[in-house]
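So this block is my_file-v3.txt, compact mmCIF, C-alpha atoms:
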# COMPACT_ATOMS: atom_id res chain seq x y z
CA MET A 26 20.71 128.98 126.23
CA ALA A 27 23.18 130.75 128.41
CA THR A 28 26.50 129.40 129.51
CA ASN A 29 29.49 130.75 131.41
CA ASN A 30 33.25 130.69 131.31
CA THR A 31 33.61 128.20 134.18
CA LEU A 32 32.17 125.30 132.21
CA PRO A 33 34.50 122.32 131.68
CA ASP A 34 36.23 121.86 128.36
CA LYS A 35 34.65 118.43 127.86
CA GLU A 36 30.90 118.79 127.59
CA ASN A 37 27.98 116.43 127.20
CA ILE A 38 26.31 117.99 124.20
CA PHE A 39 23.63 115.31 123.90
CA ASN A 40 20.93 116.76 126.12
CA VAL A 41 17.35 118.00 125.88
CA PRO A 42 18.12 121.76 125.49
CA ASN A 43 20.47 121.08 122.58
CA LEU A 44 17.93 118.77 120.96
CA LEU A 45 15.33 121.55 121.16
CA SER A 46 17.73 124.01 119.53
CA PHE A 47 18.60 121.42 116.88
CA TYR A 48 14.89 120.91 116.20
CA ARG A 49 14.60 124.60 115.35
CA LEU A 50 17.44 124.27 112.85
CA LEU A 51 15.92 121.16 111.29
CA THR A 52 12.54 122.81 110.79
CA PHE A 53 14.02 125.97 109.27
CA PRO A 54 13.75 124.83 105.62
CA VAL A 55 10.28 123.38 106.25
CA ILE A 56 8.93 126.65 107.65
CA LEU A 57 10.68 128.62 104.93
CA TYR A 58 8.84 126.44 102.40
CA PHE A 59 5.54 127.40 104.04
CA VAL A 60 6.49 131.06 103.54
CA ALA A 61 7.39 130.50 99.87
CA SER A 62 4.22 128.51 99.20
CA GLY A 63 1.98 131.05 100.95
CA ASN A 64 0.71 128.64 103.60
CA GLU A 65 0.16 131.11 106.43
CA LYS A 66 -1.65 128.65 108.72
CA LEU A 67 1.16 126.05 108.80
CA PHE A 68 3.77 128.79 108.93
CA SER A 69 2.11 130.34 111.98
CA ILE A 70 1.77 127.00 113.79
CA PHE A 71 5.36 125.87 113.21
CA LEU A 72 6.86 129.29 113.90
CA CYS A 73 5.08 129.45 117.24
CA ILE A 74 6.29 125.93 118.08
CA ASN A 75 9.82 127.18 117.39
CA LEU A 76 9.26 130.18 119.65
CA VAL A 77 8.08 127.88 122.47
CA THR A 78 11.10 125.59 122.07
CA ASP A 79 13.33 128.68 122.19
CA ILE A 80 11.93 129.48 125.63
CA LEU A 81 12.06 125.86 126.79
CA ASP A 82 15.67 125.13 125.84
CA GLY A 83 17.02 127.93 128.02
CA LEU A 84 14.61 127.15 130.85
CA VAL A 85 15.51 123.45 130.89
CA ALA A 86 19.24 124.19 130.60
CA ARG A 87 19.23 126.56 133.57
CA THR A 88 16.89 124.46 135.72
CA PHE A 89 18.83 121.21 135.29
CA LYS A 90 22.28 122.83 134.88
CA LEU A 91 22.74 121.57 131.33
CA GLN A 92 24.40 124.71 129.96
CA THR A 93 27.22 124.08 127.50
CA ARG A 94 29.33 126.27 125.26
CA PHE A 95 28.15 124.17 122.30
CA GLY A 96 24.55 124.69 123.39
CA ALA A 97 25.00 128.45 123.61
CA ARG A 98 26.35 128.56 120.04
CA LEU A 99 23.64 126.21 118.77
CA ASP A 100 20.92 128.25 120.44
CA SER A 101 22.25 131.50 118.96
CA LEU A 102 22.38 129.96 115.47
CA ALA A 103 18.81 128.71 115.87
CA ASP A 104 17.80 132.21 117.04
CA ILE A 105 19.18 133.70 113.82
CA GLY A 106 17.14 131.19 111.83
CA THR A 107 14.00 132.04 113.79
CA TYR A 108 14.54 135.75 113.13
CA ILE A 109 14.88 135.08 109.40
CA LEU A 110 11.67 133.05 109.40
CA ALA A 111 9.71 135.59 111.44
CA VAL A 112 10.76 138.52 109.26
CA SER A 113 10.07 136.49 106.10
CA GLY A 114 6.59 135.73 107.43
CA ILE A 115 5.96 139.40 108.11
CA PHE A 116 6.89 140.37 104.57
CA ARG A 117 4.88 137.49 103.06
CA PHE A 118 1.73 137.59 105.15
CA LYS A 119 1.48 140.75 107.27
CA TRP A 120 3.14 143.50 105.30
CA HIS A 121 -0.14 145.39 104.89
CA ASP A 122 -0.23 145.77 108.69
CA ILE A 123 3.45 146.57 109.16
CA SER A 124 4.07 148.84 106.17
CA PRO A 125 2.86 152.09 107.81
CA SER A 126 5.60 151.58 110.43
CA ALA A 127 8.16 150.11 108.03
CA MET A 128 10.89 152.60 108.96
CA LEU A 129 10.95 151.32 112.53
CA LEU A 130 11.31 147.76 111.28
CA TRP A 131 14.18 148.73 108.96
CA VAL A 132 16.02 150.41 111.85
CA PHE A 133 15.60 147.27 113.95
CA LEU A 134 16.90 145.01 111.16
CA ALA A 135 19.85 147.35 110.51
CA THR A 136 20.74 147.34 114.22
CA TYR A 137 20.50 143.54 114.40
CA ILE A 138 22.58 142.98 111.25
CA PHE A 139 25.17 145.52 112.39
CA SER A 140 25.67 143.64 115.67
CA LEU A 141 26.23 140.43 113.69
CA LEU A 142 28.76 142.16 111.43
CA VAL A 143 30.64 143.59 114.40
CA SER A 144 30.84 140.13 115.95
CA LEU A 145 32.05 138.55 112.71
CA ALA A 146 34.62 141.32 112.16
CA ARG A 147 36.03 141.15 115.71
CA PHE A 148 35.79 137.47 116.53
CA GLY A 149 35.06 135.64 113.28
CA LYS A 150 31.83 134.17 114.67
CA TYR A 151 28.24 135.17 115.34
CA PRO A 152 27.50 136.45 118.86
CA SER A 153 26.24 134.26 121.70
CA LEU A 154 26.36 136.79 124.53
CA HIS A 155 22.86 136.09 125.86
CA LEU A 156 22.44 139.54 127.39
CA TYR A 157 19.49 140.00 129.73
CA SER A 158 18.12 142.71 127.44
CA CYS A 159 18.27 140.43 124.40
CA LYS A 160 16.63 137.55 126.29
CA THR A 161 13.81 139.80 127.46
CA GLY A 162 13.51 141.30 123.99
CA GLY A 163 13.19 137.80 122.56
CA TYR A 164 10.26 137.09 124.88
CA VAL A 165 8.55 140.37 123.96
CA GLN A 166 9.09 139.73 120.25
CA GLY A 167 7.82 136.17 120.65
CA ILE A 168 4.62 137.48 122.24
CA PHE A 169 4.27 139.96 119.38
CA PHE A 170 4.55 137.18 116.77
CA PHE A 171 2.06 134.98 118.63
CA VAL A 172 -0.46 137.81 118.78
CA LEU A 173 0.21 138.97 115.21
CA PHE A 174 -0.42 135.60 113.57
CA PHE A 175 -3.20 134.33 115.83
CA SER A 176 -5.05 137.47 116.92
CA GLY A 177 -4.05 140.46 114.85
CA PHE A 178 -1.78 143.48 114.65
CA TYR A 179 -1.47 145.78 117.66
CA HIS A 180 0.64 148.82 116.94
CA TRP A 181 1.66 149.43 120.57
CA LEU A 182 2.95 145.86 120.90
CA PHE A 183 4.84 146.19 117.61
CA VAL A 184 6.50 149.41 118.80
CA LEU A 185 7.39 147.85 122.16
CA ALA A 186 8.94 144.76 120.53
CA ILE A 187 10.88 146.74 117.93
CA VAL A 188 12.15 149.55 120.19
CA TRP A 189 13.22 147.03 122.84
CA GLY A 190 15.01 145.05 120.13
CA ILE A 191 16.82 148.13 118.85
CA CYS A 192 18.01 149.04 122.35
CA SER A 193 19.12 145.49 123.16
CA TYR A 194 21.13 145.11 119.95
CA LEU A 195 22.74 148.50 120.45
CA GLU A 196 23.81 147.27 123.89
CA GLU A 197 25.07 144.02 122.34
CA THR A 198 27.12 145.96 119.78
CA ILE A 199 28.77 148.05 122.52
CA VAL A 200 29.55 144.91 124.53
CA LEU A 201 31.04 143.26 121.45
CA LEU A 202 33.30 146.28 120.94
CA LEU A 203 34.45 146.19 124.58
CA LEU A 204 35.08 142.47 125.02
CA PRO A 205 38.63 141.21 124.37
CA ALA A 206 37.25 137.76 123.42
CA MET A 207 33.86 136.23 122.69
CA ARG A 208 31.99 135.16 125.81
CA SER A 209 28.62 133.76 126.71
CA ASP A 210 26.38 134.77 129.59
CA CYS A 211 27.67 138.35 129.70
CA LYS A 212 24.42 139.55 131.30
CA GLY A 213 24.80 143.12 130.07
CA LEU A 214 26.89 146.23 129.60
CA TYR A 215 26.79 147.08 133.31
CA TRP A 216 28.45 143.77 134.24
CA VAL A 217 31.03 144.06 131.46
CA LEU A 218 32.02 147.56 132.62
CA LYS A 219 32.05 146.41 136.24
CA GLY A 220 34.41 143.58 135.30
CA ARG A 221 36.73 145.95 133.45
CA ASN A 222 36.90 148.30 136.42
CA ALA A 223 37.43 145.56 138.99
Is it possible to give me this structure as structure tokens?
Amino acid sequence: MATNNTLPDKENIFNVPNLLSFYRLLTFPVILYFVASGNEKLFSIFLCINLVTDILDGLVARTFKLQTRFGARLDSLADIGTYILAVSGIFRFKWHDISPSAMLLWVFLATYIFSLLVSLARFGKYPSLHLYSCKTGGYVQGIFFFVLFFSGFYHWLFVLAIVWGICSYLEETIVLLLLPAMRSDCKGLYWVLKGRNA
């Protein structure tokens, strides 16, 4: 859920977008239990519900102007949890499909983790930049997970989701290295460079 630097210091954090993000955090241990117990059907259903709420929280926040700094942080934390669940589900239930292209997945995970480490090293917190590339990548990856668990594995969709993710997190890492302080709603590297040159 994107925010910007013009938001007031006092925020109303009790709103629908934040509740949707909080729901994703609450269901994290439940879905992780489905992974551990091998219940692929319930895992798939609840993971996809989480993916839908991830789309809805940002959509509702932007439509009704409910963006908050707290919401941006909460959404990013819930995103990290959703990534952990999705990757855990892949290893538990779909590894036989993914394994021939495992190297691509490892590169994606390394890029994602590196961006988190850069953010923690520079700012002492996980990133909540909400770059356009990362938002779009999240939608593409969400479609991939929907299709994977309810229809089957399509290699071209896997490659699209992973390569887009790698590029978006490389962009996020560069932005993190350029920013003097953590921000939300940075849009992308182009806008960061444009701001520096203004």
Could you tell me how far CA of Tyr137 (chain A) sits from CA of Gly177 (chain A), in Å to one decimal place?
24.7 Å
Counting only C-alpha atoms, find the residues whose atoms lie at most 7 Å from (5.2, 136.5, 101.0) (file coordinates) and write them out as number ranges by chain.
A: 60-61, 63, 114, 116-118
Using all atoms listed in the file, pick whichever of A:Phe68, A:Phe133, A:Tyr48, A:Tyr164 has the shortest atom-to-atom distance to Leu195 (chain A).
A:Phe133
With all atoms listed in the file as the basis for distance, which of A:Ser69, A:Asn222, A:Asn64, A:Thr78 is at the shortest distance from Pro42 (chain A)?
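Checking each of A:Ser69, A:Asn222, A:Asn64, A:Thr78 against Pro42 (chain A), counting all atoms listed in the file, the winner is A:Thr78.
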Spatial sel., origin (24.0, 139.1, 114.0), limit 12 Å, all atoms listed in the file, listed as a PyMOL selection string:
chain A and resi 101-106+108-109+133-146+149-154+159+194-195+197-198+201
Quick one: everything within 10 Å of Asp122 (chain A), counting all atoms listed in the file, minus sequence neighbours fewer than 5 positions away in the same chain. Send it as a list in words.
Ile115, Phe116, Ala127, Leu173, Gly177, Phe178, Tyr179 and His180 of chain A
Just want the 9 Å neighbourhood of Ser193 (chain A), counted on only C-alpha atoms, with same-chain residues fewer than 5 positions away dropped. Output as a PyMOL selection string.
chain A and resi 156-162+188+198
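Between CA of Leu182 (chain A) and CA of Pro125 (chain A) the interatomic distance comes to 14.5 Å.
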Would you mind reading off the distance between CA of Leu204 (chain A) and CA of Thr107 (chain A), one decimal, in Å?
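According to the coordinates, CA of Leu204 (chain A) and CA of Thr107 (chain A) are separated by 26.1 Å.
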Which one is closest to Phe170 (chain A): A:Trp120, A:Tyr215, A:Phe183, A:Phe148? Count all atoms listed in the file.
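Smallest distance to Phe170 (chain A) is found for A:Phe183.
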If we count only C-alpha atoms and set the cut-off at 12 Å, which residues sit around Lys66 (chain A), ignoring sequence neighbours fewer than 4 positions away in its own chain? Please answer as a PyMOL selection string.
chain A and resi 56+59-60+62+70-73+114+118+174-175
